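Participant: Sharing work-v4.cif (mmCIF, C-alpha atoms) below.
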```
data_coords
#
loop_
_atom_site.group_PDB
_atom_site.id
_atom_site.type_symbol
_atom_site.label_atom_id
_atom_site.label_comp_id
_atom_site.auth_asym_id
_atom_site.auth_seq_id
_atom_site.Cartn_x
_atom_site.Cartn_y
_atom_site.Cartn_z
ATOM 1 C CA MET A 1 16.326 52.131 -74.316
ATOM 2 C CA ALA A 2 19.033 52.417 -71.676
ATOM 3 C CA LYS A 3 19.098 54.917 -68.823
ATOM 4 C CA VAL A 4 22.225 57.004 -69.217
ATOM 5 C CA PHE A 5 23.466 59.228 -66.401
ATOM 6 C CA ILE A 6 24.950 62.454 -67.719
ATOM 7 C CA TYR A 7 27.675 64.508 -66.063
ATOM 8 C CA PRO A 8 27.424 67.495 -65.745
ATOM 9 C CA ALA A 9 23.938 66.530 -64.666
ATOM 10 C CA THR A 10 22.491 69.738 -66.100
ATOM 11 C CA SER A 11 24.178 69.425 -69.497
ATOM 12 C CA LEU A 12 22.046 70.449 -72.465
ATOM 13 C CA ILE A 13 24.386 68.857 -74.987
ATOM 14 C CA LEU A 14 24.578 65.451 -73.309
ATOM 15 C CA SER A 15 20.881 65.403 -72.507
ATOM 16 C CA ASP A 16 20.024 66.167 -76.129
ATOM 17 C CA LEU A 17 22.447 63.673 -77.663
ATOM 18 C CA VAL A 18 21.372 60.831 -75.379
ATOM 19 C CA ALA A 19 17.694 61.422 -76.208
ATOM 20 C CA ARG A 20 18.481 62.001 -79.892
ATOM 21 C CA PHE A 21 20.166 58.601 -80.168
ATOM 22 C CA GLY A 22 17.277 56.783 -78.530
ATOM 23 C CA HIS A 23 18.075 56.537 -74.822
ATOM 24 C CA LYS A 24 16.865 58.174 -71.631
ATOM 25 C CA PRO A 25 19.133 60.838 -70.118
ATOM 26 C CA LEU A 26 19.249 60.888 -66.319
ATOM 27 C CA GLY A 27 20.063 64.372 -65.128
ATOM 28 C CA ALA A 28 19.393 66.732 -62.267
ATOM 29 C CA ALA A 29 16.058 67.843 -63.726
ATOM 30 C CA LEU A 30 14.443 64.463 -63.113
ATOM 31 C CA GLY A 31 15.326 64.453 -59.418
ATOM 32 C CA ILE A 32 14.284 68.084 -58.976
ATOM 33 C CA ARG A 33 11.006 67.509 -60.820
ATOM 34 C CA GLU A 34 10.121 64.604 -58.553
ATOM 35 C CA ARG A 35 10.498 66.832 -55.493
ATOM 36 C CA ILE A 36 8.668 69.768 -56.975
ATOM 37 C CA GLN A 37 5.684 67.666 -57.977
ATOM 38 C CA THR A 38 5.356 65.843 -54.671
ATOM 39 C CA ALA A 39 2.932 67.466 -52.252
ATOM 40 C CA GLY A 40 3.712 67.892 -48.595
ATOM 41 C CA VAL A 41 7.459 67.319 -48.671
ATOM 42 C CA ASP A 42 8.558 70.832 -49.317
ATOM 43 C CA SER A 43 8.212 74.331 -48.060
ATOM 44 C CA PRO A 44 8.922 76.884 -50.787
ATOM 45 C CA PRO A 45 11.469 78.162 -51.606
ATOM 46 C CA LEU A 46 13.366 75.147 -50.256
ATOM 47 C CA GLN A 47 13.927 72.119 -52.448
ATOM 48 C CA ILE A 48 15.883 70.034 -49.984
ATOM 49 C CA THR A 49 13.783 68.799 -47.100
ATOM 50 C CA PRO A 50 15.068 67.862 -43.644
ATOM 51 C CA GLU A 51 14.597 64.240 -44.704
ATOM 52 C CA ASP A 52 16.975 64.455 -47.634
ATOM 53 C CA PRO A 53 20.261 64.495 -45.697
ATOM 54 C CA LYS A 54 19.041 61.331 -43.959
ATOM 55 C CA ARG A 55 18.271 59.698 -47.297
ATOM 56 C CA GLY A 56 21.696 60.825 -48.445
ATOM 57 C CA LEU A 57 23.252 58.672 -45.725
ATOM 58 C CA LYS A 58 22.840 55.777 -48.106
ATOM 59 C CA TYR A 59 25.370 57.413 -50.419
ATOM 60 C CA ALA A 60 27.699 59.323 -48.092
ATOM 61 C CA ALA A 61 28.998 58.774 -44.585
ATOM 62 C CA VAL A 62 27.596 60.686 -41.637
ATOM 63 C CA GLU A 63 30.799 62.726 -41.362
ATOM 64 C CA VAL A 64 30.140 64.116 -44.817
ATOM 65 C CA PRO A 65 28.530 67.569 -44.625
ATOM 66 C CA SER A 66 24.749 67.551 -44.781
ATOM 67 C CA GLY A 67 24.866 69.731 -47.900
ATOM 68 C CA VAL A 68 26.585 66.926 -49.778
ATOM 69 C CA ARG A 69 24.232 64.311 -48.363
ATOM 70 C CA GLY A 70 21.248 66.470 -49.305
ATOM 71 C CA ARG A 71 22.464 66.749 -52.874
ATOM 72 C CA MET A 72 23.194 63.026 -52.992
ATOM 73 C CA ALA A 73 19.569 62.415 -52.028
ATOM 74 C CA ILE A 74 18.779 63.776 -55.493
ATOM 75 C CA TYR A 75 21.626 62.234 -57.467
ATOM 76 C CA GLY A 76 22.022 58.923 -55.600
ATOM 77 C CA PRO A 77 18.791 57.310 -56.806
ATOM 78 C CA LEU A 78 19.560 58.419 -60.368
ATOM 79 C CA ILE A 79 23.031 56.850 -60.201
ATOM 80 C CA GLU A 80 21.481 53.644 -58.871
ATOM 81 C CA GLU A 81 19.018 53.669 -61.740
ATOM 82 C CA ALA A 82 21.684 54.327 -64.393
ATOM 83 C CA GLU A 83 22.724 51.587 -66.813
ATOM 84 C CA ALA A 84 25.490 53.648 -68.422
ATOM 85 C CA ALA A 85 27.075 57.065 -68.036
ATOM 86 C CA ILE A 86 28.640 59.807 -70.106
ATOM 87 C CA ILE A 87 31.071 62.083 -68.291
ATOM 88 C CA VAL A 88 32.501 65.346 -69.585
ATOM 89 C CA THR A 89 35.586 65.806 -67.487
ATOM 90 C CA ASP A 90 36.612 69.363 -68.272
ATOM 91 C CA ALA A 91 33.204 70.947 -67.846
ATOM 92 C CA ASP A 92 33.844 74.376 -66.412
ATOM 93 C CA LEU A 93 30.125 74.863 -65.878
ATOM 94 C CA ALA A 94 30.225 72.086 -63.277
ATOM 95 C CA PHE A 95 31.424 74.362 -60.534
ATOM 96 C CA GLY A 96 29.897 75.738 -57.408
ATOM 97 C CA CYS A 97 30.268 76.093 -53.695
ATOM 98 C CA MET A 98 32.146 73.501 -51.659
ATOM 99 C CA GLY A 99 28.948 71.446 -51.308
ATOM 100 C CA CYS A 100 28.468 71.274 -55.070
ATOM 101 C CA ALA A 101 32.160 70.586 -55.707
ATOM 102 C CA ARG A 102 32.340 67.742 -53.189
ATOM 103 C CA THR A 103 29.053 66.310 -54.447
ATOM 104 C CA ASP A 104 30.444 66.350 -57.985
ATOM 105 C CA GLU A 105 33.474 64.390 -56.806
ATOM 106 C CA LEU A 106 31.248 61.876 -55.051
ATOM 107 C CA ILE A 107 29.050 61.528 -58.140
ATOM 108 C CA LEU A 108 32.071 60.792 -60.337
ATOM 109 C CA PHE A 109 33.433 58.338 -57.769
ATOM 110 C CA SER A 110 30.067 56.557 -57.493
ATOM 111 C CA LEU A 111 29.711 56.328 -61.265
ATOM 112 C CA ARG A 112 33.201 54.868 -61.685
ATOM 113 C CA GLN A 113 32.627 52.383 -58.881
ATOM 114 C CA LYS A 114 29.540 51.054 -60.602
ATOM 115 C CA ASP A 115 29.981 48.199 -63.032
ATOM 116 C CA MET A 116 28.544 49.792 -66.161
ATOM 117 C CA PRO A 117 29.761 51.246 -69.457
ATOM 118 C CA ILE A 118 31.127 54.774 -69.085
ATOM 119 C CA LEU A 119 32.240 57.186 -71.777
ATOM 120 C CA GLU A 120 34.567 59.960 -70.696
ATOM 121 C CA LEU A 121 35.355 62.867 -72.973
ATOM 122 C CA LYS A 122 35.934 66.588 -73.157
ATOM 123 C CA TYR A 123 33.855 69.382 -74.599
ATOM 124 C CA PRO A 124 34.857 70.152 -78.175
ATOM 125 C CA THR A 125 36.649 73.395 -78.967
ATOM 126 C CA THR A 126 36.881 73.032 -82.748
ATOM 127 C CA ASP A 127 34.785 71.618 -85.593
ATOM 128 C CA GLU A 128 36.999 68.548 -85.793
ATOM 129 C CA GLU A 129 36.637 67.874 -82.103
ATOM 130 C CA GLY A 130 32.888 68.415 -82.471
ATOM 131 C CA ILE A 131 32.736 65.667 -85.090
ATOM 132 C CA GLU A 132 34.795 63.356 -82.893
ATOM 133 C CA PHE A 133 32.648 64.193 -79.862
ATOM 134 C CA VAL A 134 29.349 63.408 -81.571
ATOM 135 C CA ALA A 135 30.799 60.304 -83.270
ATOM 136 C CA ALA A 136 32.088 58.979 -79.942
ATOM 137 C CA VAL A 137 28.762 59.603 -78.209
ATOM 138 C CA ARG A 138 26.826 57.960 -81.028
ATOM 139 C CA LYS A 139 29.133 54.952 -81.114
ATOM 140 C CA PHE A 140 28.842 54.553 -77.347
ATOM 141 C CA LEU A 141 25.070 54.905 -77.313
ATOM 142 C CA THR A 142 24.475 52.544 -80.220
ATOM 143 C CA SER A 143 26.542 49.917 -78.386
ATOM 144 C CA LEU A 144 24.055 50.014 -75.502
ATOM 145 C CA PRO A 145 20.990 47.754 -75.528
ATOM 146 C CA LYS A 146 18.339 48.898 -77.991
ATOM 147 C CA GLY A 147 20.320 51.916 -79.073
ATOM 148 C CA GLY A 148 19.787 53.717 -82.336
ATOM 149 C CA GLU A 149 18.800 57.028 -83.756
ATOM 150 C CA SER A 150 15.207 57.903 -82.890
ATOM 151 C CA MET B 1 6.836 73.570 -42.417
ATOM 152 C CA ALA B 2 4.295 75.286 -44.606
ATOM 153 C CA ASP B 3 1.923 73.216 -46.672
ATOM 154 C CA TYR B 4 3.002 72.847 -50.239
ATOM 155 C CA THR B 5 0.596 72.108 -53.062
ATOM 156 C CA PRO B 6 2.511 71.574 -56.290
ATOM 157 C CA ASP B 7 1.348 72.805 -59.678
ATOM 158 C CA TYR B 8 1.434 70.845 -62.919
ATOM 159 C CA VAL B 9 1.602 67.447 -61.180
ATOM 160 C CA GLY B 10 2.285 64.604 -63.611
ATOM 161 C CA THR B 11 3.571 66.881 -66.343
ATOM 162 C CA VAL B 12 7.013 67.221 -67.817
ATOM 163 C CA THR B 13 8.749 70.439 -68.817
ATOM 164 C CA LYS B 14 11.406 70.616 -71.509
ATOM 165 C CA TYR B 15 13.636 73.354 -72.789
ATOM 166 C CA VAL B 16 13.973 73.705 -76.543
ATOM 167 C CA PHE B 17 17.043 75.662 -77.628
ATOM 168 C CA VAL B 18 17.454 76.871 -81.177
ATOM 169 C CA GLU B 19 20.856 77.953 -82.483
ATOM 170 C CA SER B 20 20.171 78.263 -86.184
ATOM 171 C CA PRO B 21 21.084 80.660 -88.996
ATOM 172 C CA THR B 22 17.683 80.102 -90.590
ATOM 173 C CA MET B 23 15.238 79.896 -87.704
ATOM 174 C CA THR B 24 14.640 82.360 -84.894
ATOM 175 C CA ALA B 25 13.153 81.571 -81.526
ATOM 176 C CA GLY B 26 10.021 83.489 -82.549
ATOM 177 C CA GLU B 27 9.556 81.473 -85.729
ATOM 178 C CA LEU B 28 10.140 78.253 -83.810
ATOM 179 C CA ALA B 29 7.465 79.298 -81.323
ATOM 180 C CA LEU B 30 4.936 80.046 -84.072
ATOM 181 C CA ARG B 31 5.500 76.682 -85.718
ATOM 182 C CA ALA B 32 5.384 74.924 -82.339
ATOM 183 C CA TYR B 33 2.055 76.576 -81.527
ATOM 184 C CA GLU B 34 0.693 75.226 -84.805
ATOM 185 C CA ALA B 35 1.847 71.703 -83.990
ATOM 186 C CA SER B 36 0.942 71.651 -80.300
ATOM 187 C CA GLU B 37 -2.066 69.823 -78.952
ATOM 188 C CA GLY B 38 -2.827 70.587 -75.328
ATOM 189 C CA VAL B 39 0.752 71.520 -74.520
ATOM 190 C CA LEU B 40 1.683 74.736 -72.740
ATOM 191 C CA ILE B 41 4.326 76.620 -74.710
ATOM 192 C CA LYS B 42 6.340 79.523 -73.379
ATOM 193 C CA GLU B 43 8.502 81.465 -75.797
ATOM 194 C CA THR B 44 11.909 82.496 -74.495
ATOM 195 C CA CYS B 45 14.918 84.350 -75.866
ATOM 196 C CA PHE B 46 16.691 81.073 -76.661
ATOM 197 C CA GLY B 47 13.712 79.035 -77.867
ATOM 198 C CA LEU B 48 10.854 77.533 -75.905
ATOM 199 C CA GLN B 49 9.726 75.814 -72.784
ATOM 200 C CA VAL B 50 7.036 73.218 -73.313
ATOM 201 C CA THR B 51 4.975 71.742 -70.485
ATOM 202 C CA GLY B 52 2.322 69.059 -70.597
ATOM 203 C CA GLU B 53 1.528 65.398 -70.323
ATOM 204 C CA PRO B 54 4.630 63.312 -71.098
ATOM 205 C CA GLU B 55 3.213 61.735 -74.266
ATOM 206 C CA ALA B 56 1.990 65.045 -75.668
ATOM 207 C CA VAL B 57 5.293 66.757 -74.945
ATOM 208 C CA GLU B 58 7.253 63.881 -76.492
ATOM 209 C CA LYS B 59 5.115 64.042 -79.623
ATOM 210 C CA LEU B 60 5.584 67.796 -79.912
ATOM 211 C CA ILE B 61 9.334 67.516 -79.342
ATOM 212 C CA GLU B 62 9.587 64.952 -82.142
ATOM 213 C CA GLU B 63 7.732 67.366 -84.417
ATOM 214 C CA ILE B 64 9.858 70.343 -83.350
ATOM 215 C CA ARG B 65 13.101 68.474 -83.985
ATOM 216 C CA THR B 66 12.111 67.976 -87.626
ATOM 217 C CA PHE B 67 12.016 71.763 -88.208
ATOM 218 C CA ASP B 68 15.806 72.015 -88.100
ATOM 219 C CA PRO B 69 17.257 68.754 -86.731
ATOM 220 C CA VAL B 70 20.878 69.767 -86.271
ATOM 221 C CA HIS B 71 20.191 73.199 -84.791
ATOM 222 C CA ILE B 72 17.505 72.366 -82.219
ATOM 223 C CA PHE B 73 18.483 70.949 -78.842
ATOM 224 C CA VAL B 74 16.244 69.705 -76.059
ATOM 225 C CA LYS B 75 16.701 69.020 -72.363
ATOM 226 C CA ASP B 76 14.523 68.367 -69.328
ATOM 227 C CA ARG B 77 13.638 71.025 -66.794
ATOM 228 C CA GLY B 78 12.658 70.313 -63.199
ATOM 229 C CA PHE B 79 10.609 73.437 -62.548
ATOM 230 C CA PRO B 80 7.452 74.325 -64.472
ATOM 231 C CA PRO B 81 7.426 77.690 -66.284
ATOM 232 C CA GLY B 82 6.774 80.726 -64.126
ATOM 233 C CA ASP B 83 7.585 78.930 -60.876
ATOM 234 C CA PRO B 84 8.159 81.703 -58.318
ATOM 235 C CA ARG B 85 11.234 79.906 -56.966
ATOM 236 C CA ARG B 86 12.996 80.203 -60.297
ATOM 237 C CA CYS B 87 11.181 82.847 -62.346
ATOM 238 C CA ARG B 88 13.440 85.843 -62.835
ATOM 239 C CA ALA B 89 10.422 88.119 -62.505
ATOM 240 C CA ASN B 90 10.450 87.251 -58.811
ATOM 241 C CA LEU B 91 14.172 86.902 -58.315
ATOM 242 C CA GLY B 92 15.120 90.127 -60.035
ATOM 243 C CA GLY B 93 17.933 88.706 -62.131
ATOM 244 C CA ALA B 94 19.021 85.823 -64.302
ATOM 245 C CA ARG B 95 17.550 82.573 -63.072
ATOM 246 C CA PRO B 96 19.840 79.882 -61.711
ATOM 247 C CA GLY B 97 21.119 77.671 -64.481
ATOM 248 C CA TYR B 98 21.285 80.458 -67.027
ATOM 249 C CA LEU B 99 25.076 80.639 -66.891
ATOM 250 C CA GLY B 100 25.383 76.925 -67.585
ATOM 251 C CA HIS B 101 23.186 77.288 -70.648
ATOM 252 C CA GLU B 102 25.214 80.275 -71.797
ATOM 253 C CA ARG B 103 28.430 78.272 -71.503
ATOM 254 C CA GLU B 104 27.099 75.312 -73.455
ATOM 255 C CA PHE B 105 25.518 77.555 -76.084
ATOM 256 C CA ARG B 106 29.049 78.504 -77.195
ATOM 257 C CA VAL B 107 29.816 74.829 -77.858
ATOM 258 C CA LEU B 108 26.596 74.036 -79.716
ATOM 259 C CA ARG B 109 28.010 74.997 -83.120
ATOM 260 C CA TYR B 110 30.610 72.244 -82.844
ATOM 261 C CA ILE B 111 27.919 69.722 -81.945
ATOM 262 C CA THR B 112 25.890 70.899 -84.943
ATOM 263 C CA ARG B 113 28.949 70.381 -87.125
ATOM 264 C CA GLY B 114 29.342 66.874 -85.717
ATOM 265 C CA LEU B 115 25.697 66.008 -86.359
ATOM 266 C CA GLU B 116 25.920 67.336 -89.918
ATOM 267 C CA GLU B 117 29.041 65.310 -90.583
ATOM 268 C CA LEU B 118 27.495 62.134 -89.172
ATOM 269 C CA ASP B 119 24.410 62.699 -91.303
ATOM 270 C CA ARG B 120 26.658 63.048 -94.326
ATOM 271 C CA ARG B 121 28.492 59.831 -93.491
ATOM 272 C CA GLY B 122 25.225 57.950 -93.072
ATOM 273 C CA GLU B 123 24.296 55.194 -90.652
ATOM 274 C CA GLU B 124 27.712 53.552 -90.627
ATOM 275 C CA PRO B 125 30.226 56.044 -89.267
ATOM 276 C CA GLU B 126 33.634 55.993 -90.892
ATOM 277 C CA GLU B 127 36.343 54.691 -88.642
ATOM 278 C CA PRO B 128 38.470 57.659 -87.683
ATOM 279 C CA GLU B 129 42.199 57.215 -88.137
ATOM 280 C CA LYS B 130 42.873 58.170 -84.557
ATOM 281 C CA PRO B 131 40.754 57.194 -81.522
ATOM 282 C CA ALA B 132 37.374 58.953 -81.636
ATOM 283 C CA VAL B 133 38.028 60.900 -78.476
ATOM 284 C CA PRO B 134 41.250 60.940 -76.535
ATOM 285 C CA PRO B 135 40.768 59.508 -73.063
ATOM 286 C CA ALA B 136 40.179 62.218 -70.529
ATOM 287 C CA ARG B 137 42.686 60.795 -68.121
ATOM 288 C CA GLY B 138 46.042 60.069 -69.658
ATOM 289 C CA LYS B 139 46.522 56.302 -69.857
ATOM 290 C CA ARG B 140 50.125 55.317 -69.396
ATOM 291 C CA PRO B 141 51.270 51.958 -70.719
ATOM 292 C CA LEU B 142 51.158 49.235 -68.104
ATOM 293 C CA LEU B 143 54.405 48.068 -66.579
ATOM 294 C CA ASP B 144 55.524 44.771 -67.993
ATOM 295 C CA ILE B 145 55.479 42.000 -65.363
ATOM 296 C CA LYS B 146 59.010 40.851 -66.234
ATOM 297 C CA ARG B 147 60.301 44.386 -65.927
ATOM 298 C CA LEU B 148 58.591 44.667 -62.525
ATOM 299 C CA GLN B 149 60.268 41.459 -61.370
ATOM 300 C CA GLU B 150 63.655 42.823 -62.489
ATOM 301 C CA LEU B 151 63.065 46.038 -60.559
ATOM 302 C CA ILE B 152 62.141 44.119 -57.404
ATOM 303 C CA GLU B 153 65.185 41.923 -57.681
ATOM 304 C CA THR B 154 67.434 44.935 -58.260
ATOM 305 C CA GLU B 155 66.034 46.619 -55.161
ATOM 306 C CA GLU B 156 66.436 43.495 -53.037
ATOM 307 C CA SER B 157 69.989 42.786 -54.110
#
```
Do you think you could lay out the structure here as structure tokens?
Facilitator:
Amino acid sequence: MAKVFIYPATSLILSDLVARFGHKPLGAALGIRERIQTAGVDSPPLQITPEDPKRGLKYAAVEVPSGVRGRMAIYGPLIEEAEAAIIVTDADLAFGCMGCARTDELILFSLRQKDMPILELKYPTTDEEGIEFVAAVRKFLTSLPKGGES
Amino acid sequence: MADYTPDYVGTVTKYVFVESPTMTAGELALRAYEASEGVLIKETCFGLQVTGEPEAVEKLIEEIRTFDPVHIFVKDRGFPPGDPRRCRANLGGARPGYLGHEREFRVLRYITRGLEELDRRGEEPEEPEKPAVPPARGKRPLLDIKRLQELIETEES
């Protein structure tokens, strides 16, 4: 079972397909869950602690806004952990404020810099594209170590 | 900073979405309740949220997927159900993330079609005539090295 980073990191479709074909999807939920279930690091309703922008320094320079570094404190460890990635490039749900947008750019850059298999595609808009989308994802995932339909 | 004592430590929470012509979210919930063992299930308008120990949740998810394999979709959730930071009962509106789900819900029927077609084809997918998915970024053919040399020489002369 390979650890596959999904982009958009909140994608239902990618998360489901990666798990369906026998791998572990790495998305935003895992990073958020870790913070939510750790006592003493948080003060509701905040999820980003004052420590996170410092941790984010590992992934972004100090000149980068703290909002981006804070977000990278969540995504950075997941990208490090990833053994492969699936990127949907035209995802219009991957939008947000400037912090989110810049973080998304940094995530994509970090993924492409890493020496690992990456599948890039677009969301389907027709049945035919849906078939091609699922076939491409399955082919990619079965080519990873210990892949296969669960 | 205020002290924070988290709930549901060591558990996982998963969303289960159902987009099926034959199964409603209510029916899915009833069948999930029957199959669940020590897992917290919350029925929602789109399906379920299940929370519990990782093994128990995984077992339940495997069972749930068999109800309607190509119409049921699952993803992780960071927050446990009813968390006051995300629960719309406290926020007074749609919870964050809802719009993303709504957007992807429109695409689910194409994914279902793809899963059905792959099931029909069997384990060995047929080789499509064209590349499975066009590359997202247009790949232009590389410049031939001889042609590059000619261009350099032309510029220099």
Participant: Excluding A:Ile86 and any residue of its chain fewer than 4 positions from it, enumerate the residues within 6 Å of it, using only C-alpha atoms, and give them as a list in words.
Facilitator: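 Neighbouring residues, sequence-local ones excluded: Ile6, Ile118, Leu119 and Glu120 of chain A.
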Participant: Separation of atom CA of A:Thr125 and atom CA of A:Leu14, in Å?
Facilitator: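 Between atom CA of A:Thr125 and atom CA of A:Leu14 the gap is 15.5 Å.
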Participant: Nearest residue to A:Arg138 out of B:Leu118, B:Met23, B:Leu99, B:Ile72, using only C-alpha atoms?
Facilitator: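 Using only C-alpha atoms, the shortest distance to A:Arg138 belongs to B:Leu118.
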Participant: Using only C-alpha atoms, find the residues of chain A whose closest atom to chain B is at most 7 Å away, then write them as an MDAnalysis selection string.
Facilitator: chainID A and resid 12 15:16 29:30 32:33 36:40 42:43 45 89 93 120:122 124 126:127 130:136
Participant: Just the residues within 7 Å of B:Leu60, please, counting all atoms listed in the file, with nothing from its chain fewer than 4 positions along; format it as a compact mmCIF listing (two decimals) with C-alpha atoms, in the coordinates of the input.
Facilitator:
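What follows is the written file out-v7.txt:
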```
# COMPACT_ATOMS: atom_id res chain seq x y z
CA ALA B 35 1.85 71.70 -83.99
CA SER B 36 0.94 71.65 -80.30
CA ALA B 56 1.99 65.04 -75.67
CA ILE B 64 9.86 70.34 -83.35
```
Participant: With 8 Å of padding per side, what axis-aligned box (centre and edge lengths, Å, one decimal) covers all the listed atoms of stretch 89-103 of chain B? Give it as lines of an AutoDock Vina configuration file.
Facilitator:
```
center_x = 19.4
center_y = 83.5
center_z = -65.1
size_x = 34.0
size_y = 29.2
size_z = 29.5
```
Participant: To one decimal in Å, tell me the separation between atom CA of A:Glu34 and atom CA of A:Tyr75.
Facilitator: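 Between these atoms lies a distance of 11.8 Å.
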Participant: Rounded to one decimal in Å, what is the spacing between atom CA of A:Arg55 and atom CA of A:Gly76?
Facilitator: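 Here the two named atoms are 9.1 Å from each other.
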Participant: If the PyMOL selection byres ((chain A and resi 94-106) around 10) were run on this exact file, what residues would it hold? Put them as a PDB file with C-alpha atoms, keeping the file's coordinate frame.
Facilitator:
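Result saved to part_21.pdb:
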```pdb
ATOM      1  CA  TYR A   7      27.675  64.508 -66.063  1.00  0.00           C
ATOM      2  CA  PRO A   8      27.424  67.495 -65.745  1.00  0.00           C
ATOM      3  CA  ALA A   9      23.938  66.530 -64.666  1.00  0.00           C
ATOM      4  CA  THR A  10      22.491  69.738 -66.100  1.00  0.00           C
ATOM      5  CA  SER A  11      24.178  69.425 -69.497  1.00  0.00           C
ATOM      6  CA  TYR A  59      25.370  57.413 -50.419  1.00  0.00           C
ATOM      7  CA  ALA A  60      27.699  59.323 -48.092  1.00  0.00           C
ATOM      8  CA  VAL A  64      30.140  64.116 -44.817  1.00  0.00           C
ATOM      9  CA  PRO A  65      28.530  67.569 -44.625  1.00  0.00           C
ATOM     10  CA  SER A  66      24.749  67.551 -44.781  1.00  0.00           C
ATOM     11  CA  GLY A  67      24.866  69.731 -47.900  1.00  0.00           C
ATOM     12  CA  VAL A  68      26.585  66.926 -49.778  1.00  0.00           C
ATOM     13  CA  ARG A  69      24.232  64.311 -48.363  1.00  0.00           C
ATOM     14  CA  GLY A  70      21.248  66.470 -49.305  1.00  0.00           C
ATOM     15  CA  ARG A  71      22.464  66.749 -52.874  1.00  0.00           C
ATOM     16  CA  MET A  72      23.194  63.026 -52.992  1.00  0.00           C
ATOM     17  CA  TYR A  75      21.626  62.234 -57.467  1.00  0.00           C
ATOM     18  CA  GLY A  76      22.022  58.923 -55.600  1.00  0.00           C
ATOM     19  CA  VAL A  88      32.501  65.346 -69.585  1.00  0.00           C
ATOM     20  CA  THR A  89      35.586  65.806 -67.487  1.00  0.00           C
ATOM     21  CA  ASP A  90      36.612  69.363 -68.272  1.00  0.00           C
ATOM     22  CA  ALA A  91      33.204  70.947 -67.846  1.00  0.00           C
ATOM     23  CA  ASP A  92      33.844  74.376 -66.412  1.00  0.00           C
ATOM     24  CA  LEU A  93      30.125  74.863 -65.878  1.00  0.00           C
ATOM     25  CA  ILE A 107      29.050  61.528 -58.140  1.00  0.00           C
ATOM     26  CA  LEU A 108      32.071  60.792 -60.337  1.00  0.00           C
ATOM     27  CA  PHE A 109      33.433  58.338 -57.769  1.00  0.00           C
ATOM     28  CA  SER A 110      30.067  56.557 -57.493  1.00  0.00           C
ATOM     29  CA  LEU A 111      29.711  56.328 -61.265  1.00  0.00           C
ATOM     30  CA  ARG A 112      33.201  54.868 -61.685  1.00  0.00           C
TER      31      ARG A 112
ATOM     32  CA  GLY B 100      25.383  76.925 -67.585  1.00  0.00           C
TER      33      GLY B 100
END
```
Participant: Can you turn the PyMOL selection byres ((chain A and resi 1) around 10) into a concrete residue list for this file, as a list in words?
Facilitator: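 Residues picked by the PyMOL selection byres ((chain A and resi 1) around 10): Ala2, Lys3, Val4, Ala19, Phe21, Gly22, His23, Lys24, Glu83, Leu141, Leu144, Pro145, Lys146, Gly147 and Gly148 of chain A.
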